[in-house]
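A.B. asks: What follows is a structure written as structure tokens; I'll ask about it next.
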4 protein chains.
Amino acid sequence: MKVLVAGFEPFGGESINPSWEAVKALPDEMAGAEVVKHRLPVTFRGVKEILPRLIVKERPDVVVLTGQAGGRPNITVERVAINVMDSEMPDNEGFKPEDEPVFEGAPAAYFSTLPIKAIVKALREEKIPASVSNTAGTYVCNTAMFTALHTIAVAGMETRAGFIHVPYSHEQALDKPKPSMALETIEKAVEVAVRTSIKA
Amino acid sequence: MKVLVAGFEPFGGESINPSWEAVKALPDEMAGAEVVKHRLPVTFRGVKEILPRLIVKERPDVVVLTGQAGGRPNITVERVAINVMDSEMPDNEGFKPEDEPVFEGAPAAYFSTLPIKAIVKALREEKIPASVSNTAGTYVCNTAMFTALHTIAVAGMETRAGFIHVPYSHEQALDKPKPSMALETIEKAVEVAVRTSIKA
Amino acid sequence: MKVLVAGFEPFGGESINPSWEAVKALPDEMAGAEVVKHRLPVTFRGVKEILPRLIVKERPDVVVLTGQAGGRPNITVERVAINVMDSEMPDNEGFKPEDEPVFEGAPAAYFSTLPIKAIVKALREEKIPASVSNTAGTYVCNTAMFTALHTIAVAGMETRAGFIHVPYSHEQALDKPKPSMALETIEKAVEVAVRTSIKA
Amino acid sequence: MKVLVAGFEPFGGESINPSWEAVKALPDEMAGAEVVKHRLPVTFRGVKEILPRLIVKERPDVVVLTGQAGGRPNITVERVAINVMDSEMPDNEGFKPEDEPVFEGAPAAYFSTLPIKAIVKALREEKIPASVSNTAGTYVCNTAMFTALHTIAVAGMETRAGFIHVPYSHEQALDKPKPSMALETIEKAVEVAVRTSIKA
């Protein structure tokens, strides 16, 4: 059993990205599964190039992608990725796509194949506020989720995959009037999500 | 040196109040000061009766009142208490005052005499998001803060006093789309606020 | 040229639904097109039964569905409908589906075939705040949008269709601390959206 | 009978200030009272200099100050002004006071002497969402309200005075995900507030 877990580099002027901090802190083996960790760039081009190669090379049983959703108050487990790239905020190499498909000719959307409700339940049992989200946006996070699910579908793999958004860490929100979570809690949340996904 | 620290009982349908959980967890001695802890009722009448007696009896050097401000994303250090009780939500004994003064003939407002900016700074140094708040509302929290400051003023005491609002704990927000903090962080925040107030 | 425009009956304890108020106020002919108006029930079963029959019977060139998104601050033009019904809030006949498909075997999602960016632009030109939304939720509104687009796809029609969410009207938010819009502005917004969709 | 009504110049990068737009649109006579209109600068120094002179010169029976509170969803009638100037955002001449009193030796606060609950009620009767606010902040708006009430108190005048905050106008929020109101509604709101204050 192998699980691929990815987080992102910082973006939007932040000096850390709590998703990568949380992924980095995971053990190398969880619930009997080998854990492969990867830090993704916040670029549309980057995730579209890197994720397919990584998934085909590693052939993981489970893919848990994680990203930062600054402003959200809790852990959100994404339900669906859509075939759109659309952003007024440039990515980390300055690209601002406008209503472009992630992959021409691909389906409009893919649903997460992770056990999203079970993850929310497991998080709440660990006293971590969580909910299902119905949009991963149209920025790089959605593109990453769409790319992973499309790669798996096209390759005819059985891999389960999905995306978890985490709030700002406290460190990022010290003087922002925005919700945030302790990095320890975010780390715990990602661990619980991965563990629940492995066991599903 | 003696510091009086108070939190509140639960209200609004909650089963805990993180302010009292945090106060309860404080050590009995901090920075050389004796710590006296008190759990206040969420009733206008109650805080107006209890706090003056307690302050006159204990003659603390510092009073740190704490309460729950569900929905706020960070620790808020209150700047000012106003001479008003006004609420459409009944208190824990069903009282809903409408535009009544806390104390007839008292000043319109008292400013916190705690080092509010130093507390915010100390909290941020401990990686806890915090800011100054310019309103403690017109419910029981504001009445408690006003009562403490008015009691001290009338009695001609030198006691420094003020109020710290804390967000929902994670436990309270598991399935609410509202900001919350780990109880451990809230406990740490109250400890930092008390310690900073003692040293001021 | 024929355009079908629908709004919803009230739900969630409200006494009006601004979407239907706005639809009701439309003229019977717009930009040379006949305007057919319909008031939909806020029931999953209802919209799944009524919309396909209505679309097949009327064979409209354009379908503009509208609904209330209480709490949103502006007019939101939905980008995508997903094949899920999932709600903890019962619909108007007490049904609370959990992770059910709108139509078994249908695609995961359909994109709006209305000119969503052009509608946002036209609204702003009329001084009405607007934006694209990436989720119509998983309640009855999304089901209505999905049903319309699926019906059109299955029937091989050329009809363009989509969904516009409107905020609370002022009347609904008089004493709520929530964003709202004048009903006249909401009416104007729906008119602009319909007109822009006809001309596309 | 004379009423002084003031609004502010634009600030914070905006090209209009809806408070002044609304004041400008008032008739010159309302409910038998002469209406004197004034446009205030968004500077701490400016309002502290201009308002006392204006009030002493005009000797109005009623003073209704109005300002923009971008982000608030409804009309807010301020309850209290506090003796503090504290801002990290510079005013329109670059001044950023830190915890300074508006007037040294003045009381901690003044309550509005306008009929705040009656104004909220009258606004709601006109289908305009409104509520009482317990903080006018610590920026120029609060300083203006404090200055007017302090001037009146020191001069021993009988003038009633207070402050009304208005949301962004739609024009300002076309592409912001923030609440806003039609300028016509804001104008109507200020008119209702002034009329209710005159009649009180």
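Letters A, B, ... go to the chains of the structure tokens in the order shown; residues in each chain start at 1; ligands are counted from 1 in the same order.
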Extract, using only C-alpha atoms, all DNA, RNA and protein residues at most 12 Å from Val64 (chain D), discarding same-chain residues fewer than 6 positions from it, and format them as a tab-separated table (two decimals) with N, CA and C atoms, in the first residue's frame.

C.D. replies:
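Listing of part-v6.tsv after writing:
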```
chain	number	residue	atom	x	y	z
D	2	LYS	N	-32.99	74.31	12.92
D	2	LYS	CA	-31.90	74.15	11.97
D	2	LYS	C	-31.21	72.81	12.19
D	3	VAL	N	-30.90	72.11	11.08
D	3	VAL	CA	-30.20	70.85	11.21
D	3	VAL	C	-28.92	70.89	10.37
D	4	LEU	N	-27.82	70.52	11.02
D	4	LEU	CA	-26.54	70.45	10.30
D	4	LEU	C	-26.31	68.98	9.93
D	5	VAL	N	-26.11	68.75	8.64
D	5	VAL	CA	-25.86	67.37	8.19
D	5	VAL	C	-24.52	67.33	7.47
D	6	ALA	N	-23.67	66.41	7.87
D	6	ALA	CA	-22.35	66.34	7.24
D	6	ALA	C	-22.06	64.95	6.70
D	7	GLY	N	-21.31	64.93	5.61
D	7	GLY	CA	-20.79	63.68	5.05
D	7	GLY	C	-19.30	63.89	4.83
D	19	SER	N	-21.58	58.77	1.80
D	19	SER	CA	-22.17	59.61	2.84
D	19	SER	C	-22.35	61.04	2.32
D	20	TRP	N	-21.35	61.57	1.65
D	20	TRP	CA	-21.49	62.93	1.11
D	20	TRP	C	-22.47	62.95	-0.07
D	23	VAL	N	-25.79	63.20	1.55
D	23	VAL	CA	-26.04	64.50	2.20
D	23	VAL	C	-26.32	65.57	1.15
D	35	VAL	N	-31.85	73.08	6.39
D	35	VAL	CA	-30.81	72.05	6.33
D	35	VAL	C	-29.48	72.67	5.89
D	36	VAL	N	-28.49	72.63	6.77
D	36	VAL	CA	-27.14	73.10	6.42
D	36	VAL	C	-26.27	71.88	6.15
D	37	LYS	N	-25.66	71.85	4.95
D	37	LYS	CA	-24.87	70.67	4.56
D	37	LYS	C	-23.38	70.97	4.57
D	38	HIS	N	-22.59	70.02	5.02
D	38	HIS	CA	-21.15	70.24	5.02
D	38	HIS	C	-20.40	68.97	4.64
D	51	LEU	N	-15.49	71.09	12.88
D	51	LEU	CA	-16.78	70.84	13.51
D	51	LEU	C	-17.10	71.80	14.67
D	55	ILE	N	-20.38	74.24	14.48
D	55	ILE	CA	-21.48	74.07	15.43
D	55	ILE	C	-21.72	75.36	16.21
D	77	VAL	N	-26.63	52.87	13.03
D	77	VAL	CA	-26.80	54.09	13.79
D	77	VAL	C	-25.91	53.96	15.01
D	78	GLU	N	-24.92	54.84	15.11
D	78	GLU	CA	-23.92	54.69	16.17
D	78	GLU	C	-24.47	55.09	17.54
D	112	SER	N	-24.68	59.00	21.76
D	112	SER	CA	-25.46	59.75	20.79
D	112	SER	C	-26.69	60.33	21.49
D	113	THR	N	-27.05	61.54	21.14
D	113	THR	CA	-28.28	62.12	21.68
D	113	THR	C	-29.39	62.15	20.62
D	114	LEU	N	-29.13	61.46	19.51
D	114	LEU	CA	-30.20	61.25	18.53
D	114	LEU	C	-31.06	60.07	19.01
D	115	PRO	N	-32.29	59.98	18.51
D	115	PRO	CA	-33.16	58.86	18.91
D	115	PRO	C	-32.79	57.60	18.13
D	116	ILE	N	-31.73	56.92	18.57
D	116	ILE	CA	-31.13	55.87	17.73
D	116	ILE	C	-32.08	54.71	17.45
D	119	ILE	N	-34.71	55.84	14.98
D	119	ILE	CA	-34.17	55.93	13.61
D	119	ILE	C	-34.13	54.54	12.98
D	144	ALA	N	-14.99	62.55	14.65
D	144	ALA	CA	-16.00	63.55	14.28
D	144	ALA	C	-17.18	63.50	15.25
D	145	MET	N	-17.66	62.29	15.53
D	145	MET	CA	-18.80	62.15	16.43
D	145	MET	C	-18.44	62.62	17.84
D	148	ALA	N	-18.15	66.51	17.90
D	148	ALA	CA	-19.45	67.19	17.89
D	148	ALA	C	-20.10	67.11	19.27
D	149	LEU	N	-20.12	65.94	19.86
D	149	LEU	CA	-20.79	65.79	21.16
D	149	LEU	C	-20.04	66.52	22.27
D	159	THR	N	-28.27	71.07	21.60
D	159	THR	CA	-28.24	70.38	20.31
D	159	THR	C	-28.16	68.86	20.47
D	160	ARG	N	-29.03	68.16	19.73
D	160	ARG	CA	-28.92	66.69	19.68
D	160	ARG	C	-27.97	66.32	18.55
D	161	ALA	N	-27.12	65.34	18.79
D	161	ALA	CA	-26.14	64.98	17.75
D	161	ALA	C	-25.83	63.50	17.75
D	162	GLY	N	-25.44	63.01	16.58
D	162	GLY	CA	-25.07	61.61	16.47
D	162	GLY	C	-24.51	61.29	15.10
D	163	PHE	N	-24.31	60.00	14.85
D	163	PHE	CA	-23.61	59.57	13.64
D	163	PHE	C	-24.30	58.36	13.01
D	164	ILE	N	-24.39	58.39	11.68
D	164	ILE	CA	-24.97	57.28	10.92
D	164	ILE	C	-23.91	56.75	9.96
D	165	HIS	N	-23.62	55.45	10.03
D	165	HIS	CA	-22.71	54.85	9.06
D	165	HIS	C	-23.49	54.21	7.92
D	190	VAL	N	-30.48	58.36	4.75
D	190	VAL	CA	-30.00	59.57	5.44
D	190	VAL	C	-31.16	60.54	5.62
D	191	GLU	N	-32.01	60.61	4.61
D	191	GLU	CA	-33.17	61.50	4.73
D	191	GLU	C	-34.08	61.06	5.88
D	192	VAL	N	-34.33	59.76	5.96
D	192	VAL	CA	-35.19	59.23	7.04
D	192	VAL	C	-34.55	59.50	8.41
D	193	ALA	N	-33.23	59.31	8.48
D	193	ALA	CA	-32.54	59.52	9.76
D	193	ALA	C	-32.62	60.99	10.18
D	194	VAL	N	-32.44	61.88	9.22
D	194	VAL	CA	-32.48	63.31	9.54
D	194	VAL	C	-33.91	63.70	9.96
D	195	ARG	N	-34.88	63.24	9.19
D	195	ARG	CA	-36.28	63.57	9.48
D	195	ARG	C	-36.69	63.05	10.86
D	196	THR	N	-36.28	61.83	11.17
D	196	THR	CA	-36.62	61.25	12.47
D	196	THR	C	-35.93	62.02	13.60
D	197	SER	N	-34.72	62.49	13.33
D	197	SER	CA	-33.99	63.25	14.36
D	197	SER	C	-34.61	64.61	14.59
D	198	ILE	N	-35.10	65.24	13.53
D	198	ILE	CA	-35.75	66.55	13.64
D	198	ILE	C	-37.01	66.44	14.48
```

A.B. asks: Could you work out which residues of chain D fall inside 6 Å of chain B? Count only C-alpha atoms, and format the result as a short mmCIF file (atom, residue, chain, number, x, y, z; two decimals) with N, CA, C and O atoms, in the first residue's frame.

C.D. replies:
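Contents of iface.cif, as written:
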```
data_model
loop_
_atom_site.label_atom_id
_atom_site.label_comp_id
_atom_site.auth_asym_id
_atom_site.auth_seq_id
_atom_site.Cartn_x
_atom_site.Cartn_y
_atom_site.Cartn_z
N ALA D 108 -14.47 59.76 28.79
CA ALA D 108 -14.10 58.58 28.00
C ALA D 108 -15.01 58.42 26.79
O ALA D 108 -14.58 57.95 25.74
N ALA D 109 -16.28 58.81 26.94
CA ALA D 109 -17.23 58.59 25.84
C ALA D 109 -18.43 59.51 25.95
O ALA D 109 -18.73 60.05 27.03
N THR D 135 -19.95 50.52 18.06
CA THR D 135 -18.64 51.14 17.88
C THR D 135 -18.56 51.87 16.56
O THR D 135 -18.87 51.31 15.50
#
```

A.B. asks: Counting only C-alpha atoms, which of A:Thr143, A:Gln172, A:Thr151, A:Thr185 gets nearest to Lys127 (chain B)?

C.D. replies: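 Counting only C-alpha atoms, the residue closest to Lys127 (chain B) is A:Gln172.
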
A.B. asks: Can you tell me, as a PDB file with C-alpha atoms, in the first residue's frame, which residues in region 10-139 of chain C count as strand (DSSP E or B) by DSSP?

C.D. replies:
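Once written, selection.pdb looks like this:
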```
ATOM      1  CA  GLU C  29     -41.574  40.130 -24.372  1.00  0.00           C
ATOM      2  CA  MET C  30     -37.902  41.067 -24.190  1.00  0.00           C
ATOM      3  CA  ALA C  33     -38.249  37.102 -27.483  1.00  0.00           C
ATOM      4  CA  GLU C  34     -41.379  35.662 -25.888  1.00  0.00           C
ATOM      5  CA  VAL C  35     -40.895  35.349 -22.117  1.00  0.00           C
ATOM      6  CA  VAL C  36     -42.402  32.288 -20.394  1.00  0.00           C
ATOM      7  CA  LYS C  37     -42.347  32.576 -16.588  1.00  0.00           C
ATOM      8  CA  HIS C  38     -42.555  29.727 -14.135  1.00  0.00           C
ATOM      9  CA  ARG C  39     -42.592  29.514 -10.320  1.00  0.00           C
ATOM     10  CA  LEU C  40     -40.817  26.392  -9.107  1.00  0.00           C
ATOM     11  CA  VAL C  62     -32.828  30.155 -23.548  1.00  0.00           C
ATOM     12  CA  VAL C  63     -33.498  29.006 -19.975  1.00  0.00           C
ATOM     13  CA  VAL C  64     -32.620  31.367 -17.125  1.00  0.00           C
ATOM     14  CA  LEU C  65     -33.235  29.861 -13.700  1.00  0.00           C
ATOM     15  CA  THR C  66     -33.008  32.127 -10.674  1.00  0.00           C
ATOM     16  CA  GLY C  67     -32.927  31.449  -6.951  1.00  0.00           C
ATOM     17  CA  GLN C  68     -32.237  33.041  -3.572  1.00  0.00           C
ATOM     18  CA  ILE C  75     -25.654  38.807  -7.857  1.00  0.00           C
ATOM     19  CA  THR C  76     -23.877  35.542  -8.588  1.00  0.00           C
ATOM     20  CA  VAL C  77     -23.909  33.891 -11.975  1.00  0.00           C
ATOM     21  CA  GLU C  78     -23.404  30.163 -11.531  1.00  0.00           C
ATOM     22  CA  VAL C  80     -21.462  24.829 -12.957  1.00  0.00           C
ATOM     23  CA  ALA C  81     -24.109  22.375 -11.692  1.00  0.00           C
ATOM     24  CA  ILE C  82     -23.030  19.073 -10.150  1.00  0.00           C
ATOM     25  CA  MET C  85     -28.279  16.214  -3.973  1.00  0.00           C
ATOM     26  CA  GLU C 100     -27.579  11.099  -4.005  1.00  0.00           C
ATOM     27  CA  ALA C 109     -21.312  18.199 -13.920  1.00  0.00           C
ATOM     28  CA  TYR C 110     -22.575  20.543 -16.594  1.00  0.00           C
ATOM     29  CA  PHE C 111     -21.230  23.998 -17.228  1.00  0.00           C
ATOM     30  CA  ALA C 130     -22.004  40.815  -9.571  1.00  0.00           C
ATOM     31  CA  SER C 131     -19.569  37.952  -9.869  1.00  0.00           C
ATOM     32  CA  VAL C 132     -19.236  34.407 -11.159  1.00  0.00           C
ATOM     33  CA  SER C 133     -19.900  31.698  -8.550  1.00  0.00           C
TER      34      SER C 133
END
```

A.B. asks: When you draw a straight line from CA of Thr43 (chain B) to CA of Ala69 (chain B), how long is it in Å?

C.D. replies: 15.7 Å
